[in-house]
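So this one's final31.pdb, PDB, C-alpha atoms:
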ATOM      1  CA  MET A   1      -3.952  -1.736 -39.694
ATOM      2  CA  SER A   2      -3.886  -0.296 -36.192
ATOM      3  CA  LYS A   3      -1.153  -1.347 -33.798
ATOM      4  CA  PRO A   4      -1.964  -3.429 -30.720
ATOM      5  CA  LEU A   5      -2.695  -1.197 -27.743
ATOM      6  CA  SER A   6       0.122  -2.748 -25.700
ATOM      7  CA  GLN A   7       2.720  -1.636 -28.323
ATOM      8  CA  ASP A   8       1.544   1.972 -28.088
ATOM      9  CA  TYR A   9       2.289   1.957 -24.373
ATOM     10  CA  LYS A  10       5.778   0.403 -24.604
ATOM     11  CA  PRO A  11       7.712   3.738 -24.580
ATOM     12  CA  LEU A  12       5.667   4.911 -21.587
ATOM     13  CA  LEU A  13       6.262   1.667 -19.693
ATOM     14  CA  LEU A  14      10.001   1.693 -20.418
ATOM     15  CA  THR A  15      10.292   5.283 -19.214
ATOM     16  CA  PHE A  16       8.374   4.467 -16.045
ATOM     17  CA  LEU A  17      10.507   1.389 -15.290
ATOM     18  CA  LEU A  18      13.751   3.315 -15.861
ATOM     19  CA  SER A  19      12.606   6.116 -13.551
ATOM     20  CA  PHE A  20      11.526   3.530 -10.977
ATOM     21  CA  VAL A  21      14.973   1.885 -10.899
ATOM     22  CA  MET A  22      17.036   5.086 -10.981
ATOM     23  CA  SER A  23      15.057   6.771  -8.214
ATOM     24  CA  ILE A  24      15.838   4.021  -5.695
ATOM     25  CA  LEU A  25      19.582   3.901  -6.369
ATOM     26  CA  VAL A  26      20.311   6.653  -3.855
ATOM     27  CA  ILE A  27      22.135   5.831  -0.623
ATOM     28  CA  ALA A  28      20.419   6.903   2.601
ATOM     29  CA  GLN A  29      22.181   7.693   5.873
ATOM     30  CA  GLU A  30      20.698   4.717   7.729
ATOM     31  CA  GLU A  31      19.468   1.356   6.478
ATOM     32  CA  ASP A  32      17.273  -1.367   7.927
ATOM     33  CA  PHE A  33      15.759  -4.677   6.886
ATOM     34  CA  GLN A  34      12.159  -5.229   7.942
ATOM     35  CA  ILE A  35       9.475  -7.875   7.515
ATOM     36  CA  TRP A  36       5.821  -6.871   7.176
ATOM     37  CA  GLY A  37       3.083  -9.473   7.337
ATOM     38  CA  ASN A  38      -0.681  -9.149   7.261
ATOM     39  CA  ILE A  39      -3.915 -11.098   6.939
ATOM     40  CA  SER A  40      -6.908  -9.358   5.358
ATOM     41  CA  ALA A  41     -10.512 -10.084   4.436
ATOM     42  CA  LYS A  42     -13.041  -8.338   2.215
ATOM     43  CA  TYR A  43     -16.800  -8.624   1.882
ATOM     44  CA  LYS A  44     -18.832  -7.187  -0.987
ATOM     45  CA  VAL A  45     -22.170  -5.973   0.396
ATOM     46  CA  ASN A  46     -23.547  -5.149  -3.057
ATOM     47  CA  LYS A  47     -22.281  -4.051  -6.473
ATOM     48  CA  LYS A  48     -21.035  -0.708  -5.126
ATOM     49  CA  LEU A  49     -20.126  -1.190  -1.443
ATOM     50  CA  ARG A  50     -17.256  -3.329  -0.076
ATOM     51  CA  LEU A  51     -16.044  -3.787   3.508
ATOM     52  CA  ASP A  52     -12.423  -4.590   4.431
ATOM     53  CA  THR A  53     -10.480  -5.537   7.551
ATOM     54  CA  ARG A  54      -6.803  -6.324   8.132
ATOM     55  CA  PHE A  55      -4.403  -7.328  10.910
ATOM     56  CA  GLY A  56      -0.700  -6.646  10.405
ATOM     57  CA  LEU A  57       2.691  -7.045  12.073
ATOM     58  CA  ARG A  58       5.990  -5.252  11.315
ATOM     59  CA  THR A  59       9.577  -5.670  12.538
ATOM     60  CA  ARG A  60      12.598  -3.347  12.768
ATOM     61  CA  GLU A  61      16.356  -3.369  13.582
ATOM     62  CA  ASN A  62      17.047  -5.962  10.864
ATOM     63  CA  SER A  63      13.876  -7.785  11.950
ATOM     64  CA  GLU A  64      15.224  -8.514  15.432
ATOM     65  CA  LEU A  65      12.646  -6.318  17.216
ATOM     66  CA  LEU A  66       8.910  -5.694  16.926
ATOM     67  CA  LYS A  67       8.075  -2.349  15.343
ATOM     68  CA  GLN A  68       4.271  -2.410  15.429
ATOM     69  CA  PHE A  69       1.103  -4.385  15.077
ATOM     70  CA  HIS A  70      -2.110  -2.885  13.786
ATOM     71  CA  TRP A  71      -5.756  -3.581  13.046
ATOM     72  CA  GLU A  72      -7.881  -1.664  10.575
ATOM     73  CA  PHE A  73     -11.414  -1.582   9.247
ATOM     74  CA  GLY A  74     -12.751   0.298   6.239
ATOM     75  CA  ALA A  75     -15.192   0.592   3.376
ATOM     76  CA  LYS A  76     -14.940   1.322  -0.348
ATOM     77  CA  TYR A  77     -17.795   2.695  -2.466
ATOM     78  CA  LYS A  78     -17.789   2.465  -6.272
ATOM     79  CA  LEU A  79     -18.906   5.806  -7.726
ATOM     80  CA  ASN A  80     -18.886   4.608 -11.336
ATOM     81  CA  LYS A  81     -16.907   2.317 -13.628
ATOM     82  CA  ARG A  82     -13.575   4.070 -12.978
ATOM     83  CA  PHE A  83     -13.788   6.008  -9.697
ATOM     84  CA  ALA A  84     -14.255   4.889  -6.096
ATOM     85  CA  LEU A  85     -14.219   6.487  -2.630
ATOM     86  CA  GLY A  86     -12.824   4.754   0.439
ATOM     87  CA  SER A  87     -12.200   5.365   4.112
ATOM     88  CA  LYS A  88     -10.395   3.408   6.858
ATOM     89  CA  TYR A  89      -9.645   3.553  10.564
ATOM     90  CA  ARG A  90      -6.459   1.932  11.894
ATOM     91  CA  TYR A  91      -5.315   1.326  15.466
ATOM     92  CA  VAL A  92      -1.549   0.862  15.854
ATOM     93  CA  SER A  93       0.561  -0.293  18.798
ATOM     94  CA  TYR A  94       3.907   1.287  17.946
ATOM     95  CA  TYR A  95       6.976  -0.174  19.721
ATOM     96  CA  VAL A  96       9.736   2.418  19.329
ATOM     97  CA  PHE A  97      10.957   4.171  22.502
ATOM     98  CA  GLY A  98       8.286   2.263  24.428
ATOM     99  CA  LYS A  99       4.730   1.454  23.435
ATOM    100  CA  THR A 100       2.796   4.272  21.745
ATOM    101  CA  PRO A 101      -0.865   3.977  20.685
ATOM    102  CA  VAL A 102      -1.596   5.540  17.318
ATOM    103  CA  HIS A 103      -5.027   6.229  15.823
ATOM    104  CA  ARG A 104      -5.210   6.753  12.066
ATOM    105  CA  TRP A 105      -7.991   7.818   9.714
ATOM    106  CA  ASN A 106      -7.808   8.229   5.957
ATOM    107  CA  LEU A 107      -9.985   9.158   2.984
ATOM    108  CA  ASP A 108      -9.216   7.793  -0.517
ATOM    109  CA  LEU A 109     -10.128   8.670  -4.078
ATOM    110  CA  VAL A 110      -9.192   5.879  -6.525
ATOM    111  CA  TYR A 111      -9.158   5.756 -10.314
ATOM    112  CA  ASP A 112      -8.562   2.439 -12.118
ATOM    113  CA  ASN A 113      -8.342   1.361 -15.751
ATOM    114  CA  LYS A 114      -6.786  -1.334 -17.945
ATOM    115  CA  PHE A 115      -5.291  -1.901 -21.383
ATOM    116  CA  GLY A 116      -4.550  -5.341 -22.758
ATOM    117  CA  ARG A 117      -3.131  -7.533 -19.992
ATOM    118  CA  PHE A 118      -2.117  -4.453 -18.001
ATOM    119  CA  SER A 119      -4.241  -2.732 -15.390
ATOM    120  CA  TYR A 120      -3.434   0.251 -13.198
ATOM    121  CA  ASP A 121      -4.833   2.432 -10.464
ATOM    122  CA  ILE A 122      -4.059   5.904  -9.140
ATOM    123  CA  ARG A 123      -4.923   6.574  -5.507
ATOM    124  CA  ALA A 124      -4.967   9.928  -3.703
ATOM    125  CA  ARG A 125      -5.172   9.517   0.092
ATOM    126  CA  TYR A 126      -5.609  12.107   2.828
ATOM    127  CA  GLN A 127      -4.270  10.646   6.084
ATOM    128  CA  GLN A 128      -4.343  11.957   9.642
ATOM    129  CA  GLN A 129      -2.923  10.136  12.662
ATOM    130  CA  TRP A 130      -2.774  10.889  16.376
ATOM    131  CA  PHE A 131       0.143   9.747  18.555
ATOM    132  CA  HIS A 132      -0.637   9.266  22.254
ATOM    133  CA  SER A 133       1.350   8.640  25.433
ATOM    134  CA  ASP A 134      -0.464   7.252  28.483
ATOM    135  CA  TYR A 135      -3.642   7.857  26.447
ATOM    136  CA  LYS A 136      -2.996  11.608  26.278
ATOM    137  CA  GLN A 137      -2.695  13.183  22.852
ATOM    138  CA  GLU A 138       0.885  14.171  22.059
ATOM    139  CA  PHE A 139       0.862  15.289  18.415
ATOM    140  CA  THR A 140      -0.776  14.690  15.041
ATOM    141  CA  GLU A 141       0.532  14.087  11.523
ATOM    142  CA  GLN A 142      -1.236  14.802   8.243
ATOM    143  CA  PHE A 143      -0.213  13.565   4.797
ATOM    144  CA  LEU A 144      -1.350  13.558   1.217
ATOM    145  CA  ARG A 145      -0.295  10.200  -0.210
ATOM    146  CA  THR A 146      -0.312   9.635  -3.972
ATOM    147  CA  ARG A 147       0.223   6.123  -5.331
ATOM    148  CA  PHE A 148       0.498   4.704  -8.845
ATOM    149  CA  ARG A 149       0.284   0.909  -9.236
ATOM    150  CA  LEU A 150       0.694  -1.096 -12.456
ATOM    151  CA  ASN A 151      -0.359  -4.759 -12.677
ATOM    152  CA  TYR A 152       0.388  -7.346 -15.345
ATOM    153  CA  ASP A 153      -1.640 -10.531 -15.771
ATOM    154  CA  ILE A 154       0.789 -13.133 -17.143
ATOM    155  CA  ARG A 155      -0.691 -15.091 -20.040
ATOM    156  CA  LYS A 156      -1.563 -18.724 -19.266
ATOM    157  CA  ASN A 157      -0.350 -18.266 -15.679
ATOM    158  CA  LYS A 158      -2.170 -17.642 -12.407
ATOM    159  CA  LEU A 159       0.588 -15.282 -11.264
ATOM    160  CA  GLU A 160      -0.102 -11.518 -11.379
ATOM    161  CA  THR A 161       2.865  -9.184 -11.023
ATOM    162  CA  PHE A 162       2.850  -5.513 -10.020
ATOM    163  CA  ILE A 163       5.006  -2.471  -9.354
ATOM    164  CA  ALA A 164       4.022   0.652  -7.408
ATOM    165  CA  VAL A 165       5.376   4.082  -6.483
ATOM    166  CA  GLU A 166       3.979   6.155  -3.617
ATOM    167  CA  HIS A 167       4.755   9.734  -2.533
ATOM    168  CA  TYR A 168       4.078  11.209   0.939
ATOM    169  CA  LEU A 169       3.532  14.975   1.099
ATOM    170  CA  GLY A 170       3.544  16.541   4.562
ATOM    171  CA  LEU A 171       0.546  18.750   5.317
ATOM    172  CA  ASN A 172       1.472  20.030   8.777
ATOM    173  CA  GLY A 173       4.430  20.540  11.107
ATOM    174  CA  GLU A 174       8.007  21.243  10.082
ATOM    175  CA  ASN A 175       7.687  19.252   6.835
ATOM    176  CA  GLN A 176       4.579  20.969   5.556
ATOM    177  CA  TRP A 177       4.529  20.858   1.729
ATOM    178  CA  LEU A 178       7.726  18.757   1.707
ATOM    179  CA  THR A 179       8.294  15.157   0.644
ATOM    180  CA  GLU A 180       8.168  13.075   3.830
ATOM    181  CA  GLN A 181       8.642   9.642   2.311
ATOM    182  CA  MET A 182       8.802   7.605  -0.905
ATOM    183  CA  ARG A 183       7.893   3.951  -1.405
ATOM    184  CA  TYR A 184       8.950   1.728  -4.334
ATOM    185  CA  THR A 185       7.369  -1.727  -4.439
ATOM    186  CA  PHE A 186       7.330  -4.740  -6.742
ATOM    187  CA  GLY A 187       5.819  -8.153  -6.179
ATOM    188  CA  ALA A 188       3.426 -10.868  -7.295
ATOM    189  CA  SER A 189       0.138 -12.425  -6.196
ATOM    190  CA  TYR A 190      -0.894 -16.058  -6.566
ATOM    191  CA  PRO A 191      -4.307 -17.631  -5.856
ATOM    192  CA  VAL A 192      -3.988 -20.240  -3.109
ATOM    193  CA  ASN A 193      -7.520 -21.434  -3.863
ATOM    194  CA  LYS A 194     -10.785 -20.023  -5.234
ATOM    195  CA  TRP A 195     -11.268 -17.620  -2.317
ATOM    196  CA  SER A 196      -7.807 -16.543  -1.128
ATOM    197  CA  ASP A 197      -4.530 -15.122  -2.471
ATOM    198  CA  LEU A 198      -0.928 -15.013  -1.288
ATOM    199  CA  THR A 199       1.190 -11.971  -2.136
ATOM    200  CA  LEU A 200       4.977 -11.630  -1.857
ATOM    201  CA  ALA A 201       6.570  -8.238  -2.429
ATOM    202  CA  PHE A 202       9.743  -6.250  -1.832
ATOM    203  CA  ARG A 203       9.667  -2.575  -0.912
ATOM    204  CA  ILE A 204      12.248   0.181  -0.616
ATOM    205  CA  GLN A 205      11.061   2.958   1.690
ATOM    206  CA  ARG A 206      12.999   6.220   1.967
ATOM    207  CA  GLU A 207      12.551   9.078   4.441
ATOM    208  CA  TYR A 208      13.348  12.740   3.786
ATOM    209  CA  TYR A 209      13.830  15.951   5.785
ATOM    210  CA  THR A 210      14.443  14.261   9.121
ATOM    211  CA  TYR A 211      17.448  13.662  11.342
ATOM    212  CA  MET A 212      19.258  10.517  10.111
ATOM    213  CA  PRO A 213      16.701   9.573   7.401
ATOM    214  CA  MET A 214      16.044   5.866   7.093
ATOM    215  CA  GLN A 215      16.080   3.701   4.006
ATOM    216  CA  ALA A 216      14.256   0.463   4.784
ATOM    217  CA  TYR A 217      14.301  -2.716   2.706
ATOM    218  CA  VAL A 218      11.047  -4.529   3.383
ATOM    219  CA  LEU A 219       9.973  -8.097   2.674
ATOM    220  CA  MET A 220       6.179  -8.165   2.560
ATOM    221  CA  VAL A 221       3.963 -11.236   2.952
ATOM    222  CA  SER A 222       0.179 -10.909   2.643
ATOM    223  CA  TYR A 223      -2.701 -13.382   2.757
ATOM    224  CA  SER A 224      -6.124 -12.137   1.667
ATOM    225  CA  ILE A 225      -9.549 -13.792   1.859
ATOM    226  CA  ASP A 226     -12.623 -13.032  -0.254
ATOM    227  CA  LEU A 227     -15.533 -13.806   2.084
ATOM    228  CA  ASN A 228     -18.098 -13.753  -0.707
ATOM    229  CA  LYS A 229     -16.278 -16.544  -2.537
ATOM    230  CA  LYS A 230     -15.478 -18.382   0.705
ATOM    231  CA  PHE A 231     -19.150 -18.642   1.762
ATOM    232  CA  LYS A 232     -20.703 -18.677  -1.689
ATOM    233  CA  LYS A 233     -23.822 -20.831  -1.693
ATOM    234  CA  LYS A 234     -23.771 -23.742  -4.076
ATOM    235  CA  LYS A 235     -26.666 -23.786  -6.504
TER     236      LYS A 235
END
For the file at hand, write its structure as structure tokens.
Amino acid sequence: MSKPLSQDYKPLLLTFLLSFVMSILVIAQEEDFQIWGNISAKYKVNKKLRLDTRFGLRTRENSELLKQFHWEFGAKYKLNKRFALGSKYRYVSYYVFGKTPVHRWNLDLVYDNKFGRFSYDIRARYQQQWFHSDYKQEFTEQFLRTRFRLNYDIRKNKLETFIAVEHYLGLNGENQWLTEQMRYTFGASYPVNKWSDLTLAFRIQREYYTYMPMQAYVLMVSYSIDLNKKFKKKK
């Protein structure tokens, strides 16, 4: 008799969880507590194409000051059952040392799969952003961001939990080909109703190869709306 698929993956999951915990138990030179909140909406045009938009707000200095607010718009195209391409534009008002406009563009390649009550996705993202001062270009940053996310659908419960690890690789400037940043996240999503979800998560974000690198502890609150379900016509 063959073993359940979930048992075959237990050693892999235990190794991943142990690595996840150990990698964040490193003390940084500076620490901060931040709150990130956002509201998002998605609309499925057809079976392959989906549109997304999001508005977000972030704090800094132990959440006493505003760090940024941003708005983004993007699209995701399903190539086949497992792979998808995506692209987004984000405008950011960044409030550190004054107000700085930031324009960001990214291109994503996503692979997703599932086994038992687990599902996961691997995302590779190329990101480029332009920092401006008085609407004059100052400098650009380029990254290759790689993220692994594992979800678990709790049996007989509407709650879905997840953990994620993301790596930032610098592609230009002084940190070219160096680790710029790591993110470690865990949280849970709960359906508020048939067309919206509320997500609470906690993130540890660590910087590298910079003067006085920051380790931020982030409380994340997200509310997402599925417009197709919201305006679904009753038959």
Given the PyMOL selection byres ((chain A and resi 146-153) around 8) and the file above, list the residues it selects as a PyMOL selection string.
chain A and resi 117-125+144-145+154-155+157-168
Have a look at A:Pro213, A:Pro191, A:Gly86, A:Gly56 and name the one nearest to Asp226 (chain A); count only C-alpha atoms.
A:Pro191
Run the PyMOL selection byres ((chain A and resi 85) around 12) against the file shown and list the residues it catches, as a ChimeraX atom specification.
/A:48-50,74-80,82-84,86-88,106-112,123-126
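With all atoms listed in the file as the atoms that count, the minimum distance from Leu219 (chain A) to the choices A:Val92, A:Leu198, A:Ala188, A:Ile35 is reached by A:Ile35.
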Could you jot down the CA of Leu200 (chain A) to CA of Arg183 (chain A) separation for me, Å, one decimal place?
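CA of Arg183 (chain A) lies at a distance of 15.9 Å from CA of Leu200 (chain A).
For Lys67 (chain A), the list of residues within 7 Å, based on all atoms listed in the file and with local chain neighbours fewer than 4 positions off taken out, reads A:Arg58, A:Thr59, A:Arg60, A:Tyr94, A:Tyr95, A:Val96.
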Would you pick out the contacts of Thr140 (chain A) at 7 Å or less, using all atoms listed in the file, so that residues sharing its chain but fewer than 5 positions from it are not included, and give the list as a list of chain:residue names?
A:Gln129, A:Trp130, A:Phe131
For the atom pair CA of Tyr89 (chain A) and CA of Val45 (chain A), what is the interatomic distance in Å to one decimal place?
18.7 Å
In the coordinate frame of the file, compute which residues have an atom within 10 Å of (-8.5, -5.4, -1.4) when using only C-alpha atoms, and state them as a list in words.
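Selection result: Ser40, Ala41, Lys42, Tyr43, Arg50, Leu51, Asp52, Thr53, Arg54, Lys76, Ser224, Ile225 and Asp226 of chain A.
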Now that the selection is made, can you save its residues with C-alpha atoms as a PDB file, in the coordinates of the input?
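Output (selection.pdb):
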ATOM      1  CA  SER A  40      -6.908  -9.358   5.358  1.00  0.00           C
ATOM      2  CA  ALA A  41     -10.512 -10.084   4.436  1.00  0.00           C
ATOM      3  CA  LYS A  42     -13.041  -8.338   2.215  1.00  0.00           C
ATOM      4  CA  TYR A  43     -16.800  -8.624   1.882  1.00  0.00           C
ATOM      5  CA  ARG A  50     -17.256  -3.329  -0.076  1.00  0.00           C
ATOM      6  CA  LEU A  51     -16.044  -3.787   3.508  1.00  0.00           C
ATOM      7  CA  ASP A  52     -12.423  -4.590   4.431  1.00  0.00           C
ATOM      8  CA  THR A  53     -10.480  -5.537   7.551  1.00  0.00           C
ATOM      9  CA  ARG A  54      -6.803  -6.324   8.132  1.00  0.00           C
ATOM     10  CA  LYS A  76     -14.940   1.322  -0.348  1.00  0.00           C
ATOM     11  CA  SER A 224      -6.124 -12.137   1.667  1.00  0.00           C
ATOM     12  CA  ILE A 225      -9.549 -13.792   1.859  1.00  0.00           C
ATOM     13  CA  ASP A 226     -12.623 -13.032  -0.254  1.00  0.00           C
TER      14      ASP A 226
END
Skipping near chain neighbours, those fewer than 5 positions away, what residues fall within 12 Å of Leu57 (chain A) using all atoms listed in the file, listed as a compact mmCIF listing (two decimals) with C-alpha atoms, in the frame of the given file?
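Okay, around26.txt is ready:
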# COMPACT_ATOMS: atom_id res chain seq x y z
CA GLN A 34 12.16 -5.23 7.94
CA ILE A 35 9.48 -7.88 7.52
CA TRP A 36 5.82 -6.87 7.18
CA GLY A 37 3.08 -9.47 7.34
CA ASN A 38 -0.68 -9.15 7.26
CA ILE A 39 -3.92 -11.10 6.94
CA SER A 40 -6.91 -9.36 5.36
CA SER A 63 13.88 -7.78 11.95
CA LEU A 65 12.65 -6.32 17.22
CA LEU A 66 8.91 -5.69 16.93
CA LYS A 67 8.07 -2.35 15.34
CA GLN A 68 4.27 -2.41 15.43
CA PHE A 69 1.10 -4.38 15.08
CA HIS A 70 -2.11 -2.88 13.79
CA TRP A 71 -5.76 -3.58 13.05
CA GLU A 72 -7.88 -1.66 10.58
CA VAL A 92 -1.55 0.86 15.85
CA SER A 93 0.56 -0.29 18.80
CA TYR A 94 3.91 1.29 17.95
CA TYR A 95 6.98 -0.17 19.72
CA LEU A 219 9.97 -8.10 2.67
CA MET A 220 6.18 -8.16 2.56
CA VAL A 221 3.96 -11.24 2.95
CA SER A 222 0.18 -10.91 2.64
Tell me which of A:Glu207, A:Asn193, A:Gln127, A:Phe143 sits closest to Trp177 (chain A), counting all atoms listed in the file.
A:Phe143
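Nearest to Lys114 (chain A) of all the residues A:Lys81, A:Glu61, A:Phe73, A:Lys230 is A:Lys81, based on all atoms listed in the file.
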